[in-house]
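Notes follow the structure.
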Amino acid sequence: MKAVEIKNLSFAYNKNVVLENANFSIEENDFVAIIGPNGGGKSTLMRLMVGLLKPTNGDVRLFGEKVPSKRVPVGYVPQNTSKNIEFPITVGECVATGRLGLSPKSGEVANALKRVHMEEYLNRRLGELSGGERQRVLIARSLVCNPKILFLDEPSNNIDVAGQESMYKMLSEFSKTMTIVIVTHDLMALSNRVRSVVCVNKSVHFHGGASITQEMLTSTYGCEVDLIAHGIPHRVLGSHNHTHGGCCGL
(Lines give C-alpha, C1' and ligand atoms only; values in the text may rest on other atoms or scores of the structure.)
Protein backbone atom coordinates (compact mmCIF):
# COMPACT_ATOMS: atom_id res chain seq x y z
CA MET A 1 0.00 0.00 0.00
CA LYS A 2 1.17 3.52 -0.78
CA ALA A 3 1.97 5.68 2.25
CA VAL A 4 0.95 8.84 0.36
CA GLU A 5 -1.15 9.22 -2.78
CA ILE A 6 -1.72 12.68 -4.24
CA LYS A 7 -3.95 13.15 -7.27
CA ASN A 8 -4.66 16.38 -9.18
CA LEU A 9 -3.82 18.42 -6.08
CA SER A 10 -4.04 22.20 -6.26
CA PHE A 11 -4.11 24.84 -3.56
CA ALA A 12 -4.58 28.61 -3.54
CA TYR A 13 -4.60 31.26 -0.84
CA ASN A 14 -7.50 33.39 -2.03
CA LYS A 15 -6.66 33.70 -5.76
CA ASN A 16 -2.92 33.14 -5.35
CA VAL A 17 -2.17 29.65 -6.69
CA VAL A 18 0.55 28.00 -4.58
CA LEU A 19 0.40 24.42 -5.88
CA GLU A 20 -0.95 23.31 -9.21
CA ASN A 21 -2.07 19.84 -10.35
CA ALA A 22 0.34 17.74 -8.27
CA ASN A 23 0.35 13.98 -8.86
CA PHE A 24 2.72 11.62 -7.08
CA SER A 25 2.87 8.83 -4.52
CA ILE A 26 5.26 7.79 -1.75
CA GLU A 27 6.01 4.20 -0.86
CA GLU A 28 5.70 2.90 2.69
CA ASN A 29 8.95 3.27 4.72
CA ASP A 30 10.47 5.68 2.20
CA PHE A 31 12.65 8.59 3.42
CA VAL A 32 11.63 11.62 1.37
CA ALA A 33 12.98 15.18 1.22
CA ILE A 34 10.78 17.99 -0.08
CA ILE A 35 12.98 20.75 -1.53
CA GLY A 36 12.55 23.98 -3.46
CA PRO A 37 12.85 27.77 -3.20
CA ASN A 38 11.30 29.94 -0.50
CA GLY A 39 7.65 30.54 -1.29
CA GLY A 40 7.56 27.61 -3.70
CA GLY A 41 4.94 25.70 -1.72
CA LYS A 42 6.99 23.12 0.25
CA SER A 43 5.43 23.72 3.65
CA THR A 44 1.99 24.15 2.08
CA LEU A 45 2.34 20.73 0.45
CA MET A 46 3.27 19.19 3.80
CA ARG A 47 0.33 20.84 5.58
CA LEU A 48 -1.99 19.46 2.92
CA MET A 49 -0.57 15.97 3.48
CA VAL A 50 -0.98 16.28 7.25
CA GLY A 51 -4.53 17.59 6.85
CA LEU A 52 -3.98 21.07 8.28
CA LEU A 53 -5.07 22.64 4.99
CA LYS A 54 -7.91 21.68 2.66
CA PRO A 55 -7.08 21.35 -1.06
CA THR A 56 -8.65 23.74 -3.54
CA ASN A 57 -8.84 20.75 -5.87
CA GLY A 58 -7.69 17.15 -5.80
CA ASP A 59 -7.20 14.41 -3.29
CA VAL A 60 -4.66 13.44 -0.60
CA ARG A 61 -4.66 9.96 0.90
CA LEU A 62 -2.47 8.40 3.57
CA PHE A 63 -2.41 4.60 3.50
CA GLY A 64 -5.61 4.66 1.44
CA GLU A 65 -7.48 6.96 3.82
CA LYS A 66 -8.59 10.40 2.66
CA VAL A 67 -6.96 13.20 4.68
CA PRO A 68 -7.78 14.10 7.39
CA SER A 69 -8.38 10.67 8.89
CA LYS A 70 -8.45 9.46 12.48
CA ARG A 71 -7.63 5.94 11.32
CA VAL A 72 -4.03 6.70 10.32
CA PRO A 73 -1.68 7.82 13.15
CA VAL A 74 0.41 10.73 11.89
CA GLY A 75 3.37 12.48 13.53
CA TYR A 76 4.06 16.12 12.67
CA VAL A 77 6.91 18.39 13.77
CA PRO A 78 6.29 21.98 12.54
CA GLN A 79 8.72 24.83 11.97
CA ASN A 80 9.69 27.51 14.51
CA THR A 81 10.53 25.18 17.37
CA SER A 82 12.47 27.97 19.12
CA LYS A 83 9.29 29.85 20.03
CA ASN A 84 8.03 29.89 23.64
CA ILE A 85 11.06 27.94 24.87
CA GLU A 86 10.93 29.74 28.23
CA PHE A 87 7.47 28.39 28.98
CA PRO A 88 7.79 26.50 32.31
CA ILE A 89 7.35 22.95 31.06
CA THR A 90 9.49 19.87 31.50
CA VAL A 91 10.65 17.57 28.73
CA GLY A 92 8.29 14.84 29.95
CA GLU A 93 5.33 17.22 30.06
CA CYS A 94 6.11 18.43 26.54
CA VAL A 95 6.28 14.91 25.12
CA ALA A 96 3.04 13.93 26.90
CA THR A 97 1.14 16.63 24.97
CA GLY A 98 1.57 14.46 21.86
CA ARG A 99 -1.32 12.23 22.93
CA LEU A 100 -4.47 13.15 24.81
CA GLY A 101 -4.55 11.99 28.43
CA LEU A 102 -0.93 10.83 28.54
CA SER A 103 1.04 11.21 31.79
CA PRO A 104 4.58 12.69 31.69
CA LYS A 105 5.68 9.71 33.81
CA SER A 106 4.12 7.12 31.51
CA GLY A 107 6.00 4.36 29.78
CA GLU A 108 4.98 5.75 26.40
CA VAL A 109 6.76 9.05 27.16
CA ALA A 110 9.82 7.24 28.46
CA ASN A 111 9.96 5.02 25.39
CA ALA A 112 9.60 7.96 22.98
CA LEU A 113 12.45 9.79 24.71
CA LYS A 114 14.58 6.66 24.57
CA ARG A 115 14.04 6.42 20.82
CA VAL A 116 15.49 9.92 20.36
CA HIS A 117 18.26 9.31 22.96
CA MET A 118 16.85 11.85 25.43
CA GLU A 119 15.60 9.58 28.23
CA GLU A 120 17.89 11.23 30.82
CA TYR A 121 16.24 14.61 30.17
CA LEU A 122 12.76 13.66 31.36
CA ASN A 123 12.61 16.21 34.20
CA ARG A 124 14.69 18.96 32.58
CA ARG A 125 13.08 22.26 31.65
CA LEU A 126 12.55 22.66 27.92
CA GLY A 127 14.17 26.11 27.99
CA GLU A 128 17.44 24.63 29.31
CA LEU A 129 18.02 22.54 26.19
CA SER A 130 20.00 23.31 23.07
CA GLY A 131 18.26 23.69 19.71
CA GLY A 132 19.15 20.14 18.70
CA GLU A 133 17.96 18.72 22.03
CA ARG A 134 14.65 20.58 21.77
CA GLN A 135 14.17 19.24 18.26
CA ARG A 136 14.64 15.68 19.52
CA VAL A 137 12.08 16.29 22.28
CA LEU A 138 9.56 17.53 19.72
CA ILE A 139 10.22 14.48 17.57
CA ALA A 140 9.62 12.35 20.67
CA ARG A 141 6.30 14.18 21.18
CA SER A 142 5.29 13.16 17.67
CA LEU A 143 6.25 9.52 18.35
CA VAL A 144 3.95 8.88 21.32
CA CYS A 145 1.00 8.31 18.98
CA ASN A 146 2.97 5.51 17.25
CA PRO A 147 2.72 7.13 13.81
CA LYS A 148 2.82 5.22 10.55
CA ILE A 149 4.20 8.33 8.87
CA LEU A 150 6.26 11.19 10.32
CA PHE A 151 6.31 14.68 8.78
CA LEU A 152 9.01 17.20 9.75
CA ASP A 153 9.11 20.79 8.47
CA GLU A 154 12.68 22.18 8.39
CA PRO A 155 13.90 19.87 11.20
CA SER A 156 17.53 21.05 10.96
CA ASN A 157 16.81 24.71 11.81
CA ASN A 158 18.94 26.00 14.72
CA ILE A 159 21.04 22.81 14.82
CA ASP A 160 24.78 22.60 14.19
CA VAL A 161 26.28 20.33 11.52
CA ALA A 162 27.10 17.50 13.93
CA GLY A 163 23.57 17.64 15.34
CA GLN A 164 22.08 17.59 11.84
CA GLU A 165 23.99 14.47 10.86
CA SER A 166 23.00 12.75 14.09
CA MET A 167 19.35 13.63 13.56
CA TYR A 168 19.30 12.39 9.96
CA LYS A 169 20.93 9.15 11.05
CA MET A 170 18.18 8.73 13.64
CA LEU A 171 15.44 9.48 11.09
CA SER A 172 17.00 6.97 8.71
CA GLU A 173 16.65 4.31 11.42
CA PHE A 174 13.02 5.32 11.95
CA SER A 175 12.35 4.83 8.23
CA LYS A 176 12.81 1.09 8.71
CA THR A 177 9.43 1.00 10.45
CA MET A 178 7.66 4.21 9.34
CA THR A 179 7.57 6.60 6.40
CA ILE A 180 9.62 9.80 6.86
CA VAL A 181 8.88 13.03 4.95
CA ILE A 182 10.89 16.19 5.60
CA VAL A 183 10.87 19.72 4.21
CA THR A 184 14.43 21.01 4.07
CA HIS A 185 16.92 23.53 2.73
CA ASP A 186 19.72 21.51 4.27
CA LEU A 187 22.20 19.88 1.90
CA MET A 188 22.92 17.20 4.48
CA ALA A 189 19.36 15.96 3.99
CA LEU A 190 20.28 15.15 0.40
CA SER A 191 22.97 12.75 1.52
CA ASN A 192 22.75 9.02 1.02
CA ARG A 193 20.22 8.76 3.87
CA VAL A 194 17.41 10.26 1.79
CA ARG A 195 15.98 7.86 -0.79
CA SER A 196 13.51 10.06 -2.71
CA VAL A 197 13.15 13.76 -3.46
CA VAL A 198 10.07 15.89 -4.16
CA CYS A 199 10.87 19.18 -5.93
CA VAL A 200 8.31 21.91 -5.39
CA ASN A 201 7.91 25.29 -7.03
CA LYS A 202 4.18 25.59 -7.70
CA SER A 203 4.41 22.42 -9.78
CA VAL A 204 5.58 19.23 -8.08
CA HIS A 205 8.03 16.61 -9.38
CA PHE A 206 8.82 13.35 -7.60
CA HIS A 207 12.20 11.61 -8.02
CA GLY A 208 12.43 8.11 -6.59
CA GLY A 209 15.62 6.10 -6.58
CA ALA A 210 17.73 8.99 -7.90
CA SER A 211 21.45 8.26 -7.99
CA ILE A 212 24.06 9.60 -5.55
CA THR A 213 27.33 11.06 -6.83
CA GLN A 214 30.40 12.82 -5.45
CA GLU A 215 30.69 15.08 -8.49
CA MET A 216 29.64 18.72 -8.39
CA LEU A 217 26.56 19.60 -10.37
CA THR A 218 25.94 23.05 -11.79
CA SER A 219 22.31 23.95 -11.68
CA THR A 220 21.14 25.36 -14.98
CA TYR A 221 17.44 24.67 -15.19
CA GLY A 222 14.73 22.24 -14.22
CA CYS A 223 15.39 20.12 -11.18
CA GLU A 224 19.16 19.83 -11.28
CA VAL A 225 20.55 20.66 -7.86
CA ASP A 226 23.80 22.52 -7.30
CA LEU A 227 25.24 21.23 -4.03
CA ILE A 228 28.09 23.51 -3.06
CA ALA A 229 29.27 21.63 -0.01
CA HIS A 230 32.72 20.13 0.52
CA GLY A 231 32.76 16.43 1.27
CA ILE A 232 28.98 16.03 1.28
CA PRO A 233 27.62 13.39 -1.12
CA HIS A 234 24.91 14.80 -3.32
CA ARG A 235 22.05 13.59 -5.43
CA VAL A 236 21.86 14.14 -9.18
CA LEU A 237 18.28 14.48 -10.35
CA GLY A 238 17.13 14.20 -13.94
CA SER A 239 15.81 17.39 -15.46
CA HIS A 240 12.15 17.95 -16.24
CA ASN A 241 10.20 20.47 -18.22
CA HIS A 242 8.85 23.50 -16.38
CA THR A 243 7.83 27.07 -17.00
CA HIS A 244 8.60 28.88 -13.76
CA GLY A 245 12.31 28.85 -13.06
CA GLY A 246 14.60 26.38 -11.32
CA CYS A 247 12.39 24.34 -9.03
CA CYS A 248 15.01 23.16 -6.62
CA GLY A 249 16.89 26.24 -5.50
CA LEU A 250 18.56 25.58 -2.14
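In the C-alpha coordinates, the first chain shown is A, the next is B, and so on; residue numbers restart at 1 for each chain, and ligands run from 1 in the order shown.
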Which of region 6-245 of chain A DSSP labels helix (DSSP H, G or I), written as JSON, numbers by chain: {"A": [42, 43, 44, 45, 46, 47, 48, 49, 50, 91, 92, 93, 94, 95, 96, 107, 108, 109, 110, 111, 112, 113, 114, 115, 119, 120, 121, 126, 127, 128, 131, 132, 133, 134, 135, 136, 137, 138, 139, 140, 141, 142, 143, 161, 162, 163, 164, 165, 166, 167, 168, 169, 170, 171, 172, 173, 174, 187, 188, 189, 190]}
Exercise: Pro88 (chain A) partners within 9 Å, only C-alpha atoms, chain neighbours under 6 positions left out, as a VMD selection string: chain A and resid 125 to 127
All strand (DSSP E) positions in region 22-134 of chain A, as number ranges by chain: A: 22-27, 31-35, 57-62, 65-66, 74-77
Spatial neighbours of region 68-76 of chain A, 10 Å, only C-alpha atoms, chain gap at least 2 places, as number ranges by chain: A: 46-54, 60-66, 78-79, 98, 138-153, 179-182
Å distance separating CA of Glu27 (chain A) from CA of Glu165 (chain A), one decimal place: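 Interatomic distance here is 23.8 Å.
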Residue nearest Asn8 (chain A) among A:Ser203, A:Ala112, A:Glu93, A:Ser103 (counting only C-alpha atoms):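 Looking at the shortest contact to Asn8 (chain A), the residue is A:Ser203.
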Surrounding residues of Met170 (chain A) excluding itself and chain neighbours under 2 positions, 10 Å, only C-alpha atoms, as a PyMOL selection string: chain A and resi 115-117+136+164-168+172-175+193
Residues within 8 Å of His207 (chain A), only C-alpha atoms, excluding chain neighbours under 4 positions, as a PyMOL selection string: chain A and resi 196-199+237
